[in-house]
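Novice: The structure under discussion is supplied below as structure tokens; questions concerning it will follow.
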Amino acid sequence: MTTQKLLDESETYLMDTYRRLPIVIIKGRGTKVYDSHGKEYTDFVSGIAVNNLGHCHPKVVVALQKQAQRLIHVSNLYHIEPQIRLAKLLVEHSFADRVFFSNSGAEANEAAIKLARKYSKENFSGDRYEIITTLGSFHGRTIATLTATGQEKYQKGFEPLLPGFKYVPFNDPDAVRKAITQKTCALIVEPVQGESGVRVPDENYLKDLRQICDEKNLILILDEVQTGMGRTGKLFAYEHFGIEPDIMTLAKALGGGIAIGATLSKDRFAKAFSPGSHASTFGGNPIACAAACASVEAILEDGFVLDNSRRMGEYLKKGLERLKEDYSFISNIRGIGLLIGMELTTECSNIVMACLERGFLINCTEGNVLRFMPPLIITEKEIDSLLDALDDIFHRILPER
């Protein structure tokens, strides 16, 4: 089938929920993907921070092949060996004592919301159900996680939203204190906001939130769906800030490209879930957990992936800062590890298209922020090639320098 035929059928048969770029990607290896014409692209999007190990990592592929030959699905009515292995891996390398598996970041956050409410209702007098969240946040597309998301543009048209959520500015612990009432049970926050343009909080922000939650007996939920699994240079972003959450959510890069979500919790909160209180038919299935085990092990095995995330993140930021010195429309460079945003004073979708033509996949969020999320195995040479392309694009297509 020709590329044009594929594009036509995509327009005909798929719901119009994405602004897709006009290519059909058919193959990927490492940091590269290839379209239906055979053109090569260096991927600085990683499936939106999913392919942290690159495309089709050999260990993930082999794990999938072996597991598919043994067992694809049974259900959580039975114990599942890869699920047990994955839970143990995550517990041994995090703050958590228990794990619940689902299929996506939205489902992981949904479980965290339910767990926080159930624990609070069972352990405190009064009606504690309200959750404080932050403006600019993104927690998912289900009705509950959409309500938790502090961006009106995602909520428009889906009203009425669920009651029980209150929004405060990001990076403002005083606003959190003022928002707490007798109905408050938890706070959910991303350590770094990704969808709103890569916003990194002040160094003490999460420490302040931890202190507030301890003082008020509130549950601190960290949404690490985008920041987890090495994206920031550590396995989990909370490790940069010297605190531990009570509950944490993961997805995206956890499965090495396979859909899986996880809600991690300290034991005293996890006990609020009992048999029948929460479930997921496909959550923690053998295929997804086998892939995730291979992915986590590959990230941890020799320290290279985490170290490269830190080193290449700094290298990319420095290169973008050099561009900022030459172009006045670049207003800010921010990020941590290999989650980096370049804020412009102009709309940036045309830059994404220009990069596509030159063989680079990049992302524009908030209309004017270029977001860079390459595989954590990216090299200096590949970063230099992108920086050269951006320099040329900025020089050619943007009028103001």
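By convention here, the chains of the structure tokens are called A, B, ... in the order presented, each chain's residues are numbered starting at 1, and ligands are numbered starting at 1 in the order presented.
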Can you list, as a list in words, every protein, DNA or RNA residue that comes within 10 Å of stretch 162-166 of chain A when you count only C-alpha atoms, leaving out same-chain residues fewer than 4 positions away?

Specialist: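 Neighbouring residues, sequence-local ones excluded: Arg128, Tyr129, Glu130, Ile131, Ile132, Thr133, Thr134, Leu135, Ile143, Ala144, Thr145, Leu146, Thr147, Ala148, Thr149, Gly150, Val176, Ala179, Ile180, Lys183, Thr184, Cys185, Ala186 and Leu187 of chain A.
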
Novice: Can you write out the residues you just picked, keeping C-alpha atoms, as a PDB file, in the first residue's frame?

Specialist:
ATOM      1  CA  ARG A 128     -12.027  13.814  53.545  1.00  0.00           C
ATOM      2  CA  TYR A 129     -12.002  13.419  49.780  1.00  0.00           C
ATOM      3  CA  GLU A 130     -10.681  16.653  48.260  1.00  0.00           C
ATOM      4  CA  ILE A 131      -7.405  16.553  46.310  1.00  0.00           C
ATOM      5  CA  ILE A 132      -5.245  19.594  45.632  1.00  0.00           C
ATOM      6  CA  THR A 133      -3.614  19.704  42.218  1.00  0.00           C
ATOM      7  CA  THR A 134      -1.616  22.334  40.346  1.00  0.00           C
ATOM      8  CA  LEU A 135      -2.320  24.672  37.469  1.00  0.00           C
ATOM      9  CA  ILE A 143     -12.879  12.085  33.629  1.00  0.00           C
ATOM     10  CA  ALA A 144     -11.179  11.926  37.060  1.00  0.00           C
ATOM     11  CA  THR A 145      -7.661  12.567  35.790  1.00  0.00           C
ATOM     12  CA  LEU A 146      -8.935  15.197  33.364  1.00  0.00           C
ATOM     13  CA  THR A 147     -10.499  16.961  36.335  1.00  0.00           C
ATOM     14  CA  ALA A 148      -7.208  16.651  38.217  1.00  0.00           C
ATOM     15  CA  THR A 149      -5.423  18.215  35.244  1.00  0.00           C
ATOM     16  CA  GLY A 150      -5.057  21.923  35.883  1.00  0.00           C
ATOM     17  CA  VAL A 176      -1.081  24.835  48.949  1.00  0.00           C
ATOM     18  CA  ALA A 179      -6.026  25.762  49.945  1.00  0.00           C
ATOM     19  CA  ILE A 180      -6.165  23.062  52.642  1.00  0.00           C
ATOM     20  CA  LYS A 183     -12.037  18.020  53.410  1.00  0.00           C
ATOM     21  CA  THR A 184      -8.510  17.817  51.968  1.00  0.00           C
ATOM     22  CA  CYS A 185      -7.016  14.334  51.798  1.00  0.00           C
ATOM     23  CA  ALA A 186      -4.138  14.521  49.312  1.00  0.00           C
ATOM     24  CA  LEU A 187      -1.965  16.538  46.984  1.00  0.00           C
TER      25      LEU A 187
END

Novice: If you run DSSP over the backbone, which residues in stretch 190-302 of chain A end up strand (DSSP E)? Put them as number ranges by chain.

Specialist: A: 219-223, 247-250, 261-265

Novice: For C-alpha atoms, I'd like the residues from the last selection saved as a PDB file, in the first residue's frame.

Specialist:
ATOM      1  CA  ILE A 219      -1.087  12.064  51.248  1.00  0.00           C
ATOM      2  CA  LEU A 220       1.620  13.223  48.828  1.00  0.00           C
ATOM      3  CA  ILE A 221       1.109  11.692  45.372  1.00  0.00           C
ATOM      4  CA  LEU A 222       3.837  12.198  42.788  1.00  0.00           C
ATOM      5  CA  ASP A 223       2.880  11.746  39.142  1.00  0.00           C
ATOM      6  CA  ILE A 247       2.142   7.213  46.446  1.00  0.00           C
ATOM      7  CA  MET A 248       3.777   7.456  43.013  1.00  0.00           C
ATOM      8  CA  THR A 249       2.508   6.740  39.518  1.00  0.00           C
ATOM      9  CA  LEU A 250       4.476   5.404  36.547  1.00  0.00           C
ATOM     10  CA  GLY A 261       0.954   1.673  34.256  1.00  0.00           C
ATOM     11  CA  ALA A 262       1.891   1.278  37.907  1.00  0.00           C
ATOM     12  CA  THR A 263       0.753   2.828  41.165  1.00  0.00           C
ATOM     13  CA  LEU A 264       3.377   2.461  43.897  1.00  0.00           C
ATOM     14  CA  SER A 265       2.551   3.014  47.555  1.00  0.00           C
TER      15      SER A 265
END

Novice: Per residue of stretch 2-44 of chain A within 7 Å of stretch 51-64 of chain A, what are the shortest atom pair and its distance in Å to one decimal, counting only C-alpha atoms, with rows by chain and residue number, as JSON lines?

Specialist:
{"residue": "A:Gly28", "atom": "CA", "partner": "A:His55", "partner_atom": "CA", "distance": 5.2}
{"residue": "A:Arg29", "atom": "CA", "partner": "A:His55", "partner_atom": "CA", "distance": 4.7}
{"residue": "A:Gly30", "atom": "CA", "partner": "A:Gly54", "partner_atom": "CA", "distance": 4.3}
{"residue": "A:Thr31", "atom": "CA", "partner": "A:Gly54", "partner_atom": "CA", "distance": 5.2}

Novice: So that I can check the surroundings of A:Gln151, please list as a PyMOL selection string every protein, DNA and RNA residue that reaches within 8 Å of it, counting only C-alpha atoms and ignoring chain neighbours fewer than 5 positions away.

Specialist: chain A and resi 135-138

Novice: Could you give me, as a JSON list (two decimals) with all heavy atoms, in the first residue's frame, the residues within 10 Å of stretch 67-83 of chain A, counting only C-alpha atoms and dropping anything in the same chain fewer than 6 positions from it?

Specialist:
[["chain", "number", "residue", "atom", "x", "y", "z"],
["A", 61, "VAL", "N", 12.81, -6.82, 23.27],
["A", 61, "VAL", "CA", 12.30, -7.65, 22.17],
["A", 61, "VAL", "C", 12.39, -9.13, 22.51],
["A", 61, "VAL", "O", 11.43, -9.90, 22.33],
["A", 61, "VAL", "CB", 13.06, -7.35, 20.86],
["A", 61, "VAL", "CG1", 12.69, -8.36, 19.78],
["A", 61, "VAL", "CG2", 12.77, -5.93, 20.39],
["A", 89, "LEU", "N", 11.08, -5.71, 41.64],
["A", 89, "LEU", "CA", 12.08, -4.79, 41.11],
["A", 89, "LEU", "C", 11.76, -3.34, 41.49],
["A", 89, "LEU", "O", 12.64, -2.59, 41.93],
["A", 89, "LEU", "CB", 12.11, -4.90, 39.58],
["A", 89, "LEU", "CG", 13.16, -5.79, 38.92],
["A", 89, "LEU", "CD1", 12.93, -5.81, 37.40],
["A", 89, "LEU", "CD2", 14.57, -5.31, 39.22],
["A", 99, "VAL", "N", 2.67, -2.47, 44.93],
["A", 99, "VAL", "CA", 2.44, -1.96, 43.58],
["A", 99, "VAL", "C", 1.09, -2.48, 43.07],
["A", 99, "VAL", "O", 0.73, -3.63, 43.29],
["A", 99, "VAL", "CB", 3.55, -2.42, 42.60],
["A", 99, "VAL", "CG1", 3.36, -1.78, 41.23],
["A", 99, "VAL", "CG2", 4.93, -2.11, 43.15],
["A", 100, "PHE", "N", 0.36, -1.61, 42.37],
["A", 100, "PHE", "CA", -0.82, -2.02, 41.61],
["A", 100, "PHE", "C", -0.54, -1.71, 40.14],
["A", 100, "PHE", "O", -0.11, -0.61, 39.80],
["A", 100, "PHE", "CB", -2.07, -1.26, 42.06],
["A", 100, "PHE", "CG", -3.27, -1.55, 41.20],
["A", 100, "PHE", "CD1", -4.04, -2.68, 41.42],
["A", 100, "PHE", "CD2", -3.60, -0.71, 40.12],
["A", 100, "PHE", "CE1", -5.14, -2.96, 40.61],
["A", 100, "PHE", "CE2", -4.69, -0.98, 39.32],
["A", 100, "PHE", "CZ", -5.46, -2.12, 39.56],
["A", 101, "PHE", "N", -0.80, -2.68, 39.25],
["A", 101, "PHE", "CA", -0.52, -2.50, 37.83],
["A", 101, "PHE", "C", -1.79, -2.23, 37.03],
["A", 101, "PHE", "O", -2.84, -2.85, 37.26],
["A", 101, "PHE", "CB", 0.19, -3.73, 37.27],
["A", 101, "PHE", "CG", 1.59, -3.90, 37.77],
["A", 101, "PHE", "CD1", 1.93, -4.97, 38.59],
["A", 101, "PHE", "CD2", 2.57, -2.98, 37.44],
["A", 101, "PHE", "CE1", 3.23, -5.12, 39.06],
["A", 101, "PHE", "CE2", 3.87, -3.12, 37.90],
["A", 101, "PHE", "CZ", 4.19, -4.19, 38.71],
["A", 279, "ALA", "N", -9.50, -2.90, 40.42],
["A", 279, "ALA", "CA", -9.06, -3.99, 39.56],
["A", 279, "ALA", "C", -8.81, -3.48, 38.15],
["A", 279, "ALA", "O", -9.18, -2.36, 37.79],
["A", 279, "ALA", "CB", -10.13, -5.10, 39.52],
["A", 280, "SER", "N", -8.14, -4.34, 37.35],
["A", 280, "SER", "CA", -7.89, -4.05, 35.94],
["A", 280, "SER", "C", -7.70, -5.38, 35.22],
["A", 280, "SER", "O", -6.80, -6.15, 35.56],
["A", 280, "SER", "CB", -6.64, -3.19, 35.77],
["A", 280, "SER", "OG", -6.30, -3.06, 34.41],
["A", 281, "THR", "N", -8.54, -5.66, 34.24],
["A", 281, "THR", "CA", -8.47, -6.95, 33.55],
["A", 281, "THR", "C", -7.10, -7.20, 32.95],
["A", 281, "THR", "O", -6.53, -8.28, 33.10],
["A", 281, "THR", "CB", -9.55, -7.02, 32.44],
["A", 281, "THR", "OG1", -10.83, -6.93, 33.03],
["A", 281, "THR", "CG2", -9.43, -8.32, 31.65],
["A", 282, "PHE", "N", -6.57, -6.22, 32.25],
["A", 282, "PHE", "CA", -5.28, -6.39, 31.57],
["A", 282, "PHE", "C", -4.11, -5.87, 32.39],
["A", 282, "PHE", "O", -2.95, -6.01, 31.98],
["A", 282, "PHE", "CB", -5.31, -5.70, 30.21],
["A", 282, "PHE", "CG", -6.24, -6.34, 29.22],
["A", 282, "PHE", "CD1", -7.45, -5.75, 28.92],
["A", 282, "PHE", "CD2", -5.90, -7.53, 28.60],
["A", 282, "PHE", "CE1", -8.32, -6.33, 28.01],
["A", 282, "PHE", "CE2", -6.76, -8.11, 27.68],
["A", 282, "PHE", "CZ", -7.98, -7.52, 27.38],
["A", 283, "GLY", "N", -4.37, -5.24, 33.53],
["A", 283, "GLY", "CA", -3.30, -4.66, 34.32],
["A", 283, "GLY", "C", -2.31, -5.70, 34.82],
["A", 283, "GLY", "O", -2.69, -6.69, 35.43],
["A", 284, "GLY", "N", -1.03, -5.48, 34.55],
["A", 284, "GLY", "CA", 0.00, -6.42, 34.99],
["A", 284, "GLY", "C", -0.02, -7.72, 34.23],
["A", 284, "GLY", "O", 0.41, -8.76, 34.76],
["A", 285, "ASN", "N", -0.47, -7.71, 32.97],
["A", 285, "ASN", "CA", -0.51, -8.95, 32.19],
["A", 285, "ASN", "C", 0.90, -9.46, 31.90],
["A", 285, "ASN", "O", 1.87, -8.70, 31.97],
["A", 285, "ASN", "CB", -1.32, -8.76, 30.91],
["A", 285, "ASN", "CG", -0.63, -7.80, 29.94],
["A", 285, "ASN", "OD1", 0.30, -8.17, 29.24],
["A", 285, "ASN", "ND2", -1.10, -6.55, 29.91],
["A", 286, "PRO", "N", 1.05, -10.74, 31.57],
["A", 286, "PRO", "CA", 2.38, -11.33, 31.41],
["A", 286, "PRO", "C", 3.24, -10.64, 30.37],
["A", 286, "PRO", "O", 4.44, -10.44, 30.59],
["A", 286, "PRO", "CB", 2.07, -12.78, 31.01],
["A", 286, "PRO", "CG", 0.73, -13.06, 31.59],
["A", 286, "PRO", "CD", -0.02, -11.77, 31.51],
["A", 287, "ILE", "N", 2.65, -10.26, 29.23],
["A", 287, "ILE", "CA", 3.42, -9.63, 28.16],
["A", 287, "ILE", "C", 3.98, -8.28, 28.61],
["A", 287, "ILE", "O", 5.18, -8.01, 28.47],
["A", 287, "ILE", "CB", 2.54, -9.45, 26.90],
["A", 287, "ILE", "CG1", 2.27, -10.79, 26.24],
["A", 287, "ILE", "CG2", 3.21, -8.49, 25.91],
["A", 287, "ILE", "CD1", 3.43, -11.38, 25.48],
["A", 288, "ALA", "N", 3.13, -7.43, 29.16],
["A", 288, "ALA", "CA", 3.56, -6.10, 29.58],
["A", 288, "ALA", "C", 4.60, -6.17, 30.68],
["A", 288, "ALA", "O", 5.59, -5.43, 30.69],
["A", 288, "ALA", "CB", 2.36, -5.27, 30.03],
["A", 289, "CYS", "N", 4.40, -7.08, 31.63],
["A", 289, "CYS", "CA", 5.33, -7.17, 32.76],
["A", 289, "CYS", "C", 6.67, -7.76, 32.35],
["A", 289, "CYS", "O", 7.72, -7.36, 32.87],
["A", 289, "CYS", "CB", 4.70, -7.98, 33.89],
["A", 289, "CYS", "SG", 3.40, -7.08, 34.76],
["A", 290, "ALA", "N", 6.67, -8.70, 31.42],
["A", 290, "ALA", "CA", 7.93, -9.24, 30.93],
["A", 290, "ALA", "C", 8.74, -8.15, 30.24],
["A", 290, "ALA", "O", 9.96, -8.02, 30.43],
["A", 290, "ALA", "CB", 7.66, -10.40, 29.96],
["A", 291, "ALA", "N", 8.06, -7.33, 29.41],
["A", 291, "ALA", "CA", 8.74, -6.22, 28.76],
["A", 291, "ALA", "C", 9.26, -5.22, 29.78],
["A", 291, "ALA", "O", 10.39, -4.72, 29.67],
["A", 291, "ALA", "CB", 7.79, -5.53, 27.79],
["A", 292, "ALA", "N", 8.45, -4.90, 30.79],
["A", 292, "ALA", "CA", 8.85, -3.93, 31.80],
["A", 292, "ALA", "C", 10.01, -4.43, 32.63],
["A", 292, "ALA", "O", 10.92, -3.66, 32.97],
["A", 292, "ALA", "CB", 7.66, -3.58, 32.69],
["A", 293, "CYS", "N", 10.03, -5.70, 32.97],
["A", 293, "CYS", "CA", 11.17, -6.26, 33.70],
["A", 293, "CYS", "C", 12.46, -6.08, 32.91],
["A", 293, "CYS", "O", 13.49, -5.65, 33.45],
["A", 293, "CYS", "CB", 10.94, -7.75, 33.98],
["A", 293, "CYS", "SG", 9.80, -8.08, 35.33]]

Novice: Do you know which residues are at most 9 Å from stretch 233-237 of chain A counting only C-alpha atoms, after dropping those on the same chain fewer than 3 positions away, and could you put them as a list in words?

Specialist: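 My list of contacting residues is His93, Ser94, Pro191, Val192, Glu224, Thr227, Gly228, Met229, Gly230, His240, Phe241, Ile299, Leu300, Val305, Leu306, Asp307, Asn308, Ser309, Arg310, Arg311, Gly313, Ile336, Gly337, Leu338 and Leu376 of chain A.
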
Novice: Identify, on the basis of only C-alpha atoms, every residue whose closest approach to A:Asn123 does not exceed 12 Å; exclude the query and any residue fewer than 6 positions from it along the same chain; express the result as a PyMOL selection string.

Specialist: chain A and resi 116-117+129+185+217-218+268-269+271-272

Novice: Provide the atom CA of A:Tyr18 to atom CA of A:Phe394 distance in Å, to one decimal place.

Specialist: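 Atom CA of A:Phe394 lies 26.3 Å from atom CA of A:Tyr18.
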
Novice: Skip A:Met373 itself and residues of its chain fewer than 5 positions away, then list as a list in words all residues within 10 Å of it, counting only C-alpha atoms.

Specialist: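 The residues satisfying every condition are Asp43, Phe44, Val45, Ser46, Gly47, Ile48, Ala49, Val50, Asn51, Asn52, Gln226, Arg231, Gly313, Gly337, Leu338, Leu339, Ile340, Gly341, Leu361, Ile362, Asn363 and Ile378 of chain A.
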
Novice: Write to file, as a short mmCIF file (atom, residue, chain, number, x, y, z; two decimals), in the first residue's frame, the residues of the selection just made, with all heavy atoms.

Specialist:
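Now in result.cif:
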data_model
loop_
_atom_site.label_atom_id
_atom_site.label_comp_id
_atom_site.auth_asym_id
_atom_site.auth_seq_id
_atom_site.Cartn_x
_atom_site.Cartn_y
_atom_site.Cartn_z
N ASP A 43 15.15 10.50 16.53
CA ASP A 43 13.94 10.70 17.33
C ASP A 43 14.26 11.45 18.62
O ASP A 43 14.89 10.90 19.53
CB ASP A 43 13.32 9.33 17.64
CG ASP A 43 11.97 9.45 18.32
OD1 ASP A 43 11.52 10.58 18.57
OD2 ASP A 43 11.36 8.40 18.60
N PHE A 44 13.80 12.69 18.71
CA PHE A 44 13.94 13.47 19.94
C PHE A 44 12.59 13.63 20.65
O PHE A 44 12.41 14.53 21.46
CB PHE A 44 14.53 14.85 19.63
CG PHE A 44 16.03 14.85 19.49
CD1 PHE A 44 16.61 14.42 18.30
CD2 PHE A 44 16.85 15.23 20.53
CE1 PHE A 44 17.99 14.40 18.16
CE2 PHE A 44 18.23 15.21 20.40
CZ PHE A 44 18.81 14.79 19.21
N VAL A 45 11.66 12.70 20.36
CA VAL A 45 10.36 12.66 21.02
C VAL A 45 10.18 11.39 21.84
O VAL A 45 9.56 11.39 22.90
CB VAL A 45 9.21 12.78 19.99
CG1 VAL A 45 7.85 12.71 20.68
CG2 VAL A 45 9.32 14.08 19.20
N SER A 46 10.74 10.28 21.36
CA SER A 46 10.70 9.00 22.08
C SER A 46 9.28 8.53 22.38
O SER A 46 9.01 8.00 23.46
CB SER A 46 11.50 9.08 23.39
OG SER A 46 12.85 9.36 23.15
N GLY A 47 8.37 8.73 21.43
CA GLY A 47 6.99 8.32 21.69
C GLY A 47 6.38 9.06 22.85
O GLY A 47 5.53 8.51 23.57
N ILE A 48 6.78 10.31 23.04
CA ILE A 48 6.44 11.15 24.21
C ILE A 48 6.99 10.50 25.48
O ILE A 48 6.25 10.07 26.38
CB ILE A 48 4.94 11.46 24.32
CG1 ILE A 48 4.39 11.93 22.97
CG2 ILE A 48 4.70 12.53 25.39
CD1 ILE A 48 2.91 12.30 22.99
N ALA A 49 8.32 10.43 25.55
CA ALA A 49 9.05 9.95 26.73
C ALA A 49 8.75 8.50 27.07
O ALA A 49 8.80 8.10 28.23
CB ALA A 49 8.78 10.85 27.94
N VAL A 50 8.45 7.70 26.06
CA VAL A 50 8.18 6.27 26.26
C VAL A 50 9.42 5.43 25.96
O VAL A 50 9.80 4.56 26.76
CB VAL A 50 7.00 5.82 25.37
CG1 VAL A 50 6.92 4.30 25.33
CG2 VAL A 50 5.70 6.41 25.89
N ASN A 51 10.05 5.67 24.83
CA ASN A 51 11.16 4.83 24.39
C ASN A 51 12.49 5.29 24.99
O ASN A 51 13.41 5.69 24.28
CB ASN A 51 11.23 4.82 22.86
CG ASN A 51 9.97 4.27 22.24
OD1 ASN A 51 9.55 3.17 22.54
ND2 ASN A 51 9.34 5.07 21.39
N ASN A 52 12.58 5.23 26.32
CA ASN A 52 13.79 5.70 26.99
C ASN A 52 15.02 4.90 26.61
O ASN A 52 16.14 5.42 26.63
CB ASN A 52 13.61 5.68 28.51
CG ASN A 52 12.78 6.85 29.00
OD1 ASN A 52 12.16 7.56 28.22
ND2 ASN A 52 12.76 7.05 30.31
N GLN A 226 5.75 10.81 33.30
CA GLN A 226 6.70 11.29 32.29
C GLN A 226 8.13 11.38 32.81
O GLN A 226 9.08 11.16 32.06
CB GLN A 226 6.27 12.66 31.76
CG GLN A 226 7.10 13.15 30.59
CD GLN A 226 6.44 14.28 29.80
OE1 GLN A 226 7.10 15.21 29.36
NE2 GLN A 226 5.14 14.18 29.60
N ARG A 231 14.34 9.38 33.02
CA ARG A 231 14.21 10.55 32.13
C ARG A 231 14.96 11.76 32.67
O ARG A 231 15.51 12.56 31.90
CB ARG A 231 12.71 10.85 31.95
CG ARG A 231 12.35 12.09 31.17
CD ARG A 231 12.93 12.17 29.79
NE ARG A 231 12.71 11.01 28.95
CZ ARG A 231 13.24 10.86 27.74
NH1 ARG A 231 14.05 11.80 27.25
NH2 ARG A 231 13.01 9.77 27.03
N GLY A 313 21.91 15.30 28.82
CA GLY A 313 20.99 16.38 29.15
C GLY A 313 21.72 17.70 29.31
O GLY A 313 21.29 18.74 28.78
N GLY A 337 17.87 16.46 33.21
CA GLY A 337 18.15 15.25 32.46
C GLY A 337 17.82 15.46 31.01
O GLY A 337 18.12 16.51 30.42
N LEU A 338 17.16 14.48 30.38
CA LEU A 338 16.78 14.59 28.97
C LEU A 338 15.29 14.90 28.81
O LEU A 338 14.61 14.34 27.95
CB LEU A 338 17.18 13.33 28.23
CG LEU A 338 18.67 13.27 27.85
CD1 LEU A 338 19.07 11.89 27.37
CD2 LEU A 338 19.02 14.34 26.81
N LEU A 339 14.81 15.79 29.66
CA LEU A 339 13.49 16.41 29.51
C LEU A 339 13.73 17.91 29.51
O LEU A 339 13.91 18.53 30.56
CB LEU A 339 12.56 15.99 30.66
CG LEU A 339 11.16 16.60 30.67
CD1 LEU A 339 10.40 16.25 29.40
CD2 LEU A 339 10.38 16.14 31.90
N ILE A 340 13.76 18.50 28.31
CA ILE A 340 14.23 19.88 28.15
C ILE A 340 13.25 20.66 27.29
O ILE A 340 12.74 20.16 26.27
CB ILE A 340 15.63 19.90 27.51
CG1 ILE A 340 16.63 19.16 28.39
CG2 ILE A 340 16.10 21.34 27.28
CD1 ILE A 340 17.98 18.96 27.77
N GLY A 341 12.98 21.90 27.69
CA GLY A 341 12.12 22.79 26.93
C GLY A 341 12.86 24.03 26.49
O GLY A 341 13.67 24.58 27.25
N LEU A 361 12.77 14.30 14.60
CA LEU A 361 11.46 14.38 15.24
C LEU A 361 11.60 15.16 16.53
O LEU A 361 12.35 14.77 17.43
CB LEU A 361 10.93 12.98 15.55
CG LEU A 361 10.80 11.98 14.39
CD1 LEU A 361 10.15 10.70 14.88
CD2 LEU A 361 10.03 12.57 13.22
N ILE A 362 10.89 16.29 16.62
CA ILE A 362 10.86 17.07 17.86
C ILE A 362 9.39 17.39 18.15
O ILE A 362 8.51 17.12 17.34
CB ILE A 362 11.71 18.35 17.81
CG1 ILE A 362 11.13 19.34 16.78
CG2 ILE A 362 13.16 18.03 17.49
CD1 ILE A 362 11.78 20.71 16.85
N ASN A 363 9.13 17.98 19.29
CA ASN A 363 7.77 18.19 19.76
C ASN A 363 7.57 19.64 20.15
O ASN A 363 8.47 20.28 20.70
CB ASN A 363 7.50 17.26 20.96
CG ASN A 363 6.16 17.51 21.62
OD1 ASN A 363 6.10 17.95 22.76
ND2 ASN A 363 5.09 17.23 20.91
N ILE A 378 20.96 8.59 23.56
CA ILE A 378 21.36 9.56 22.54
C ILE A 378 22.84 9.90 22.69
O ILE A 378 23.41 9.84 23.78
CB ILE A 378 20.48 10.84 22.64
CG1 ILE A 378 20.50 11.65 21.36
CG2 ILE A 378 20.89 11.67 23.84
CD1 ILE A 378 19.66 11.09 20.26
#

Novice: In Å, how far is it from atom CA of A:Leu115 to atom CA of A:Ala270?

Specialist: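 If I compute the distance from atom CA of A:Leu115 to atom CA of A:Ala270, I get 7.2 Å.
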